[in-house]
>>> print(open('input_23.cif').read())   # mmCIF, C-alpha atoms
data_coords
#
loop_
_atom_site.label_atom_id
_atom_site.label_comp_id
_atom_site.auth_asym_id
_atom_site.auth_seq_id
_atom_site.Cartn_x
_atom_site.Cartn_y
_atom_site.Cartn_z
CA MET A 1 7.93 14.40 26.70
CA ASN A 2 10.60 12.34 28.40
CA GLU A 3 10.05 10.20 31.47
CA ALA A 4 11.58 12.81 33.79
CA ASN A 5 9.06 15.46 32.69
CA HIS A 6 6.04 13.20 32.96
CA LYS A 7 3.48 14.55 35.45
CA PRO A 8 1.89 12.05 37.87
CA ASP A 9 -1.66 13.12 36.96
CA GLU A 10 -1.10 12.63 33.24
CA PRO A 11 -2.06 9.31 31.67
CA GLU A 12 0.74 7.19 30.27
CA LEU A 13 -1.34 6.66 27.14
CA SER A 14 -4.24 8.43 25.44
CA VAL A 15 -6.18 6.36 22.92
CA VAL A 16 -8.35 8.20 20.38
CA ILE A 17 -10.90 6.02 18.59
CA ALA A 18 -12.23 7.29 15.27
CA ILE A 19 -15.80 6.44 14.29
CA ILE A 20 -15.58 4.73 10.91
CA ALA A 21 -18.17 1.95 10.87
CA GLY A 22 -20.60 3.71 13.22
CA GLY A 23 -23.25 1.99 15.29
CA GLN A 24 -23.00 0.80 18.87
CA GLU A 25 -21.65 -2.74 18.42
CA PRO A 26 -18.27 -2.04 16.73
CA THR A 27 -17.37 0.64 19.26
CA ALA A 28 -18.40 -1.53 22.20
CA THR A 29 -16.34 -4.46 20.92
CA CYS A 30 -13.29 -2.24 20.46
CA LEU A 31 -13.68 -0.74 23.94
CA GLU A 32 -14.08 -4.14 25.59
CA ALA A 33 -10.78 -5.31 24.11
CA LEU A 34 -9.13 -2.04 25.06
CA ALA A 35 -10.39 -2.30 28.65
CA THR A 36 -8.80 -5.73 29.02
CA SER A 37 -5.52 -4.47 27.56
CA ALA A 38 -5.53 -1.39 29.84
CA ARG A 39 -6.08 -3.28 33.08
CA GLY A 40 -3.85 -1.89 35.82
CA LEU A 41 -2.41 0.86 33.61
CA ASN A 42 -2.94 4.63 33.56
CA VAL A 43 -4.78 5.02 30.26
CA GLU A 44 -7.41 7.44 28.99
CA CYS A 45 -9.68 6.78 26.03
CA ILE A 46 -11.37 9.48 23.94
CA VAL A 47 -14.19 8.79 21.46
CA PRO A 48 -15.24 11.87 19.45
CA TYR A 49 -18.53 11.01 17.73
CA ASP A 50 -21.06 12.28 15.25
CA GLU A 51 -24.56 10.99 14.49
CA ARG A 52 -23.19 7.70 13.14
CA LEU A 53 -22.49 6.48 16.70
CA THR A 54 -25.79 5.37 18.21
CA GLY A 55 -26.60 4.56 21.82
CA VAL A 56 -24.01 6.91 23.33
CA PRO A 57 -25.73 7.14 26.76
CA GLU A 58 -25.71 3.34 27.05
CA LEU A 59 -22.08 3.18 25.96
CA ALA A 60 -21.11 5.91 28.44
CA GLU A 61 -22.79 3.99 31.26
CA ARG A 62 -21.15 0.73 30.21
CA PHE A 63 -17.68 2.32 29.81
CA PRO A 64 -17.48 5.08 32.44
CA TRP A 65 -13.70 5.42 31.99
CA VAL A 66 -14.17 6.54 28.36
CA GLU A 67 -14.64 10.21 27.42
CA PHE A 68 -17.31 10.43 24.72
CA VAL A 69 -16.95 13.80 22.97
CA ASP A 70 -20.05 15.07 21.17
CA ALA A 71 -18.62 16.35 17.86
CA ARG A 72 -21.92 16.77 16.04
CA PHE A 73 -21.38 20.53 16.17
CA ALA A 74 -18.27 20.05 14.04
CA VAL A 75 -18.91 17.00 11.89
CA ASP A 76 -21.93 16.43 9.71
CA SER A 77 -21.22 13.12 8.01
CA GLY A 78 -24.20 13.73 5.76
CA GLN A 79 -22.35 16.74 4.36
CA PHE A 80 -19.60 14.41 3.18
CA GLY A 81 -21.50 11.16 2.68
CA SER A 82 -19.70 8.35 0.89
CA SER A 83 -17.60 10.72 -1.22
CA SER A 84 -15.18 11.76 1.51
CA ARG A 85 -13.08 10.55 4.41
CA GLU A 86 -12.77 14.06 5.84
CA HIS A 87 -15.21 13.49 8.70
CA HIS A 88 -13.01 10.63 9.98
CA ASP A 89 -9.98 12.90 9.98
CA ILE A 90 -11.83 15.74 11.73
CA LEU A 91 -12.91 13.37 14.50
CA ARG A 92 -9.30 12.28 14.94
CA ALA A 93 -8.18 15.92 15.21
CA ILE A 94 -10.83 16.67 17.86
CA GLY A 95 -9.72 13.66 19.90
CA LEU A 96 -6.03 14.46 19.59
CA SER A 97 -6.64 18.02 20.77
CA ARG A 98 -8.05 16.64 24.05
CA ALA A 99 -5.40 13.96 24.65
CA ARG A 100 -3.24 14.40 27.77
CA GLY A 101 -1.11 11.25 27.71
CA ARG A 102 2.64 11.02 27.30
CA ILE A 103 1.89 8.73 24.35
CA VAL A 104 -1.07 9.32 22.02
CA ALA A 105 -2.49 6.48 19.92
CA LEU A 106 -5.09 6.18 17.17
CA LEU A 107 -7.49 3.29 16.60
CA GLU A 108 -10.73 2.82 14.64
CA ASP A 109 -14.06 1.58 15.96
CA HIS A 110 -13.97 -1.54 13.77
CA GLY A 111 -10.42 -2.36 14.85
CA ILE A 112 -10.02 -4.76 17.77
CA PRO A 113 -6.67 -4.42 19.57
CA SER A 114 -4.92 -7.50 20.88
CA LEU A 115 -4.97 -8.12 24.63
CA ASP A 116 -1.37 -6.94 25.00
CA TRP A 117 -1.72 -3.97 22.62
CA ILE A 118 -1.38 -1.28 25.30
CA PRO A 119 1.64 -2.84 27.09
CA ALA A 120 3.28 -3.38 23.68
CA THR A 121 2.64 0.25 22.71
CA LEU A 122 4.09 1.62 25.93
CA GLU A 123 7.10 -0.68 25.68
CA ALA A 124 7.71 0.39 22.07
CA HIS A 125 7.93 4.02 23.18
CA ARG A 126 10.58 3.41 25.82
CA GLY A 127 13.03 3.87 22.97
CA PRO A 128 13.71 7.06 21.01
CA SER A 129 11.18 6.45 18.21
CA SER A 130 8.75 9.34 17.80
CA ALA A 131 6.02 7.28 16.15
CA VAL A 132 5.35 3.55 16.31
CA GLY A 133 2.76 1.73 14.24
CA GLY A 134 1.59 -1.83 14.56
CA ALA A 135 0.48 -4.82 12.57
CA VAL A 136 -3.03 -5.11 11.13
CA GLU A 137 -4.82 -8.41 10.54
CA ASN A 138 -8.08 -9.20 8.73
CA GLY A 139 -10.85 -10.35 11.05
CA VAL A 140 -13.62 -11.24 8.55
CA ASP A 141 -13.16 -14.27 6.28
CA HIS A 142 -14.91 -13.01 3.12
CA LEU A 143 -13.21 -12.44 -0.23
CA LEU A 144 -14.34 -8.81 -0.32
CA ASN A 145 -12.80 -8.22 3.11
CA TRP A 146 -9.58 -9.95 2.07
CA ALA A 147 -9.33 -7.83 -1.07
CA VAL A 148 -9.87 -4.58 0.84
CA TYR A 149 -7.49 -5.77 3.53
CA TYR A 150 -4.66 -6.51 1.09
CA CYS A 151 -5.15 -3.17 -0.65
CA ASP A 152 -5.17 -1.18 2.59
CA PHE A 153 -3.11 -3.18 5.05
CA GLY A 154 -1.08 -5.81 3.19
CA ARG A 155 2.16 -4.04 4.14
CA TYR A 156 1.12 -4.26 7.82
CA GLN A 157 0.34 -7.97 7.83
CA ASN A 158 2.48 -9.86 10.30
CA PRO A 159 5.27 -10.71 10.24
CA VAL A 160 6.28 -7.04 9.94
CA ALA A 161 9.87 -6.09 10.54
CA ASP A 162 10.50 -4.55 13.96
CA GLY A 163 12.30 -1.46 12.74
CA PRO A 164 12.16 1.83 10.83
CA SER A 165 9.33 2.27 8.35
CA GLU A 166 8.32 4.88 5.81
CA PHE A 167 4.61 4.18 6.31
CA LEU A 168 2.38 3.91 9.39
CA SER A 169 -1.40 3.45 9.33
CA ASP A 170 -3.72 5.74 11.29
CA SER A 171 -5.78 2.66 12.14
CA ASN A 172 -3.01 1.48 14.50
CA VAL A 173 -0.39 4.10 15.35
CA SER A 174 1.05 5.89 18.36
CA TYR A 175 3.09 9.07 18.83
CA LYS A 176 5.01 10.75 21.60
CA ARG A 177 2.69 13.64 22.40
CA GLU A 178 5.38 16.31 22.47
CA VAL A 179 6.39 15.30 18.93
CA LEU A 180 2.80 15.39 17.70
CA GLN A 181 2.32 18.80 19.30
CA GLY A 182 5.31 20.03 17.30
CA VAL A 183 3.39 19.53 14.05
CA LYS A 184 -0.02 20.51 15.43
CA HIS A 185 -0.53 23.01 12.63
CA LEU A 186 -0.82 20.07 10.23
CA TRP A 187 -3.57 18.21 12.08
CA LEU A 188 -5.46 20.87 14.05
CA ASP A 189 -8.40 20.87 11.62
CA ALA A 190 -8.09 17.32 10.27
CA PHE A 191 -5.55 14.55 10.84
CA HIS A 192 -4.03 13.28 7.58
CA GLU A 193 -1.52 10.54 8.34
CA THR A 194 0.44 11.17 5.13
CA SER A 195 1.10 14.84 5.89
CA VAL A 196 1.95 14.22 9.54
CA ASN A 197 4.24 11.25 8.99
CA TRP A 198 6.07 12.81 6.06
CA GLU A 199 6.69 15.98 8.06
CA LEU A 200 7.99 14.00 11.04
CA ARG A 201 10.41 12.16 8.79
CA ARG A 202 11.49 15.43 7.19
CA LEU A 203 12.24 16.81 10.66
CA GLY A 204 14.45 13.82 11.41
CA HIS A 205 12.09 11.82 13.63
CA THR A 206 12.13 8.03 13.55
CA LEU A 207 9.03 6.07 12.52
CA ARG A 208 8.94 2.37 13.33
CA LEU A 209 6.75 -0.69 13.04
CA ASN A 210 6.24 -3.08 15.93
CA PRO A 211 4.82 -6.59 15.29
CA ARG A 212 3.44 -6.88 18.84
CA MET A 213 1.00 -3.99 18.41
CA VAL A 214 -1.71 -6.00 16.62
CA VAL A 215 -5.17 -4.82 15.61
CA ARG A 216 -7.79 -6.92 13.80
CA GLN A 217 -9.99 -5.17 11.23
CA VAL A 218 -13.56 -6.45 11.69
CA ARG A 219 -15.61 -4.82 8.94
CA GLN A 220 -18.78 -6.89 9.13
CA THR A 221 -20.94 -4.61 6.98
CA LEU A 222 -18.50 -4.14 4.08
CA ARG A 223 -20.24 -4.03 0.67
CA LEU A 224 -18.80 -3.84 -2.85
CA LEU A 225 -20.10 -0.46 -4.09
CA PRO A 226 -19.22 1.45 -0.89
CA ALA A 227 -15.81 -0.26 -0.92
CA LEU A 228 -15.24 0.92 -4.50
CA ARG A 229 -16.21 4.48 -3.58
CA GLU A 230 -13.86 4.27 -0.60
CA ARG A 231 -10.95 3.28 -2.82
CA TYR A 232 -11.55 6.26 -5.10
CA VAL A 233 -11.83 8.68 -2.18
CA TRP A 234 -8.70 7.40 -0.44
CA GLY A 235 -6.71 7.37 -3.68
CA ARG A 236 -7.68 10.98 -4.31
CA SER A 237 -6.92 11.89 -0.70
CA PHE A 238 -3.42 10.39 -0.96
CA ALA A 239 -2.64 12.15 -4.24
CA GLY A 240 -4.19 15.44 -3.17
CA THR A 241 -2.07 15.49 -0.03
CA ARG A 242 1.04 14.55 -1.99
CA ALA A 243 0.30 17.23 -4.59
CA ALA A 244 0.94 19.92 -2.00
CA GLU A 245 4.52 18.65 -1.69
CA ILE A 246 5.47 18.63 -5.37
CA SER A 247 5.66 21.01 -8.33
CA THR A 248 3.05 21.45 -11.05
CA LEU A 249 5.28 19.49 -13.43
CA GLY A 250 5.57 16.74 -10.85
CA ARG A 251 1.79 16.60 -10.52
CA ALA A 252 1.45 16.30 -14.30
CA ILE A 253 3.97 13.46 -14.42
CA PHE A 254 2.31 11.56 -11.57
CA ALA A 255 -1.11 12.08 -13.17
CA ALA A 256 0.13 10.66 -16.47
CA LEU A 257 1.75 7.68 -14.75
CA SER A 258 -1.33 6.93 -12.63
CA PHE A 259 -2.70 4.72 -15.41
CA LEU A 260 0.12 2.26 -14.71
CA LEU A 261 -0.70 2.07 -11.02
CA PRO A 262 -3.20 -0.84 -11.11
CA PHE A 263 -0.48 -3.14 -12.44
CA LEU A 264 2.27 -1.82 -10.17
CA LEU A 265 0.17 -1.81 -7.00
CA THR A 266 -1.27 -5.26 -7.65
CA PHE A 267 2.22 -6.64 -8.31
CA ARG A 268 3.45 -5.15 -5.03
CA ILE A 269 0.52 -6.66 -3.11
CA VAL A 270 1.16 -10.10 -4.58
CA ALA A 271 4.93 -9.93 -4.01
CA ARG A 272 4.48 -8.74 -0.44
CA GLY A 273 1.78 -11.31 0.27
CA PHE A 274 3.88 -14.22 -0.95
CA SER A 275 6.84 -12.99 1.10
CA LYS A 276 4.66 -13.19 4.24
CA ARG A 277 3.80 -16.85 3.47
CA ARG A 278 0.37 -16.54 5.08
CA TYR A 279 -3.16 -16.90 3.67
CA LEU A 280 -1.82 -17.34 0.14
CA ARG A 281 -5.04 -18.97 -1.07
CA LYS A 282 -7.05 -15.97 0.14
CA LEU A 283 -4.65 -13.66 -1.68
CA VAL A 284 -4.90 -15.56 -4.97
CA CYS A 285 -8.70 -15.89 -4.83
CA SER A 286 -9.17 -12.19 -4.12
CA LEU A 287 -6.84 -11.03 -6.92
CA PRO A 288 -9.61 -10.02 -9.40
CA LEU A 289 -11.17 -7.80 -6.73
CA ILE A 290 -7.78 -6.45 -5.72
CA PHE A 291 -7.05 -5.40 -9.31
CA LEU A 292 -10.49 -3.78 -9.63
CA PHE A 293 -9.90 -1.83 -6.42
CA GLU A 294 -6.51 -0.64 -7.65
CA VAL A 295 -8.06 0.55 -10.93
CA ILE A 296 -10.51 2.66 -8.91
CA TRP A 297 -7.74 3.87 -6.59
CA SER A 298 -5.70 4.94 -9.61
CA GLY A 299 -8.65 6.99 -10.88
CA GLY A 300 -8.74 8.72 -7.51
CA GLU A 301 -5.01 9.43 -7.64
CA PHE A 302 -5.34 10.84 -11.16
CA MET A 303 -8.05 13.26 -10.03
CA GLY A 304 -6.06 14.22 -6.94
CA TYR A 305 -3.00 15.11 -9.00
CA LEU A 306 -5.10 16.82 -11.67
CA THR A 307 -6.92 19.11 -9.23
CA GLY A 308 -4.25 19.33 -6.53
CA ARG A 309 -6.93 18.69 -3.90
CA ALA A 310 -7.80 15.71 -1.77
CA GLU A 311 -11.52 16.24 -2.42
CA PRO A 312 -13.94 18.77 -3.90
CA GLN A 313 -13.60 22.10 -2.11
CA ARG A 314 -15.91 22.63 0.82
CA GLN A 315 -15.50 24.35 4.13
CA THR A 316 -16.25 22.01 7.00
CA LYS A 317 -18.33 23.02 10.00
CA TYR A 318 -15.24 22.42 12.15
CA ALA A 319 -13.09 24.78 10.06
CA GLN A 320 -15.89 27.37 10.02
CA ARG A 321 -16.20 27.23 13.82
CA ARG A 322 -12.44 27.48 14.33
CA ALA A 323 -12.19 30.42 11.93
CA ALA A 324 -15.01 32.35 13.62
#
>>> encode(input="input_23.cif", output="structure tokens")
Amino acid sequence: MNEANHKPDEPELSVVIAIIAGGQEPTATCLEALATSARGLNVECIVPYDERLTGVPELAERFPWVEFVDARFAVDSGQFGSSSREHHDILRAIGLSRARGRIVALLEDHGIPSLDWIPATLEAHRGPSSAVGGAVENGVDHLLNWAVYYCDFGRYQNPVADGPSEFLSDSNVSYKREVLQGVKHLWLDAFHETSVNWELRRLGHTLRLNPRMVVRQVRQTLRLLPALRERYVWGRSFAGTRAAEISTLGRAIFAALSFLLPFLLTFRIVARGFSKRRYLRKLVCSLPLIFLFEVIWSGGEFMGYLTGRAEPQRQTKYAQRRAA
């Protein structure tokens, strides 16, 4: 939607926060930072939640400008447990379906946006770019957190180049709503960043990174075994999504080559980290964990290519309700 077509009663920005960590404290911390960043601006915030978000009445009273959407009818995180990320993606889809802003952005409950995150996001969309992602920093100084951070977000560590990018993270990304609506069929049931961003690029839209849109990942409760399961799940999710775009022969080739991935991915992380010239000691000290995580990720990718699915088949409550 261009500026001329923007309606006065529509927010400039809609922010959808996905429940990842759960619990009251991470969400409250994220919302406090967002409230400071939104001061004086026309912004709406949508938090679709399942049973993992506790103390919703207290949060709603504390943040009356936030729309808390009860999504327990659609998302049963116990159905997925630690073996899936699908419930996160369903929550994102529910929030996006309710967004009214000219720009729509995605954050996570354990991500704390910088104080100028909203002005930076709005400024980034004054240009023609259809999607703009930001930088991600690590907010917990533990080796486990650094290892997970470098595996997930090393490419988004500042300084990031202010320009076109092939990848954007759904932990810190924004879209022009009319563009996102154009690919609604891809995210109506669950938002998968890979599918959406690849389709936007295929349609000729520009994806960019902006170093001013900064979010800190504060994963205080991160533990090794859940982090290992997460790597497997996300590796399988990436490959399963990609498998839909390639031939059976292509899947077989990628599956065979997946055993080389731990070495390739670790090399890329190290090369990228040294090029940033920041926190090099943290990078070196966390290398054994990084390599272990990439071994697990590669196992997930292998299974995703082998089966052609992001996860074991199951019909979600949200899909069942929409199909009824």
>>> closest_residue(input="input_23.cif", among="A:Glu32, A:Asp152, A:Glu10, A:Asp189", to="Trp234 of chain A", atoms="all atoms listed in the file")
A:Asp152
>>> residues_near_point(input="input_23.cif", point="(5.7, 17.4, 7.6)", cutoff="12 Å", atoms="only C-alpha atoms", output="ChimeraX atom specification")
/A:179-180,182-187,192-205,241-242,244-245
>>> resolve_selection(input="input_23.cif", expression="the PyMOL selection byres ((chain A and resi 103) around 12)", output="NGL selection string")
:A and (1-3 or 6 or 10-16 or 42-45 or 96 or 99-102 or 104-106 or 118-119 or 121-126 or 129-132 or 173-181)
>>> residues_around(input="input_23.cif", residues="segment 263-275 of chain A", least_positions_apart="3", cutoff="7 Å", atoms="all atoms listed in the file", output="number ranges by chain")
A: 150, 154-155, 260, 280, 290-291, 294
>>> write_last_selection(input="input_23.cif", atoms="C-alpha atoms", output="compact mmCIF listing (two decimals), in the coordinates of the input")
# COMPACT_ATOMS: atom_id res chain seq x y z
CA TYR A 150 -4.66 -6.51 1.09
CA GLY A 154 -1.08 -5.81 3.19
CA ARG A 155 2.16 -4.04 4.14
CA LEU A 260 0.12 2.26 -14.71
CA LEU A 280 -1.82 -17.34 0.14
CA ILE A 290 -7.78 -6.45 -5.72
CA PHE A 291 -7.05 -5.40 -9.31
CA GLU A 294 -6.51 -0.64 -7.65
>>> atom_distance(input="input_23.cif", atom1="atom CA of Arg52 of chain A", atom2="atom CA of Phe191 of chain A")
19.1 Å
>>> atom_distance(input="input_23.cif", atom1="atom CA of Arg208 of chain A", atom2="atom CA of Leu168 of chain A")
7.8 Å
>>> atom_distance(input="input_23.cif", atom1="atom CA of Ala60 of chain A", atom2="atom CA of Pro48 of chain A")
12.3 Å
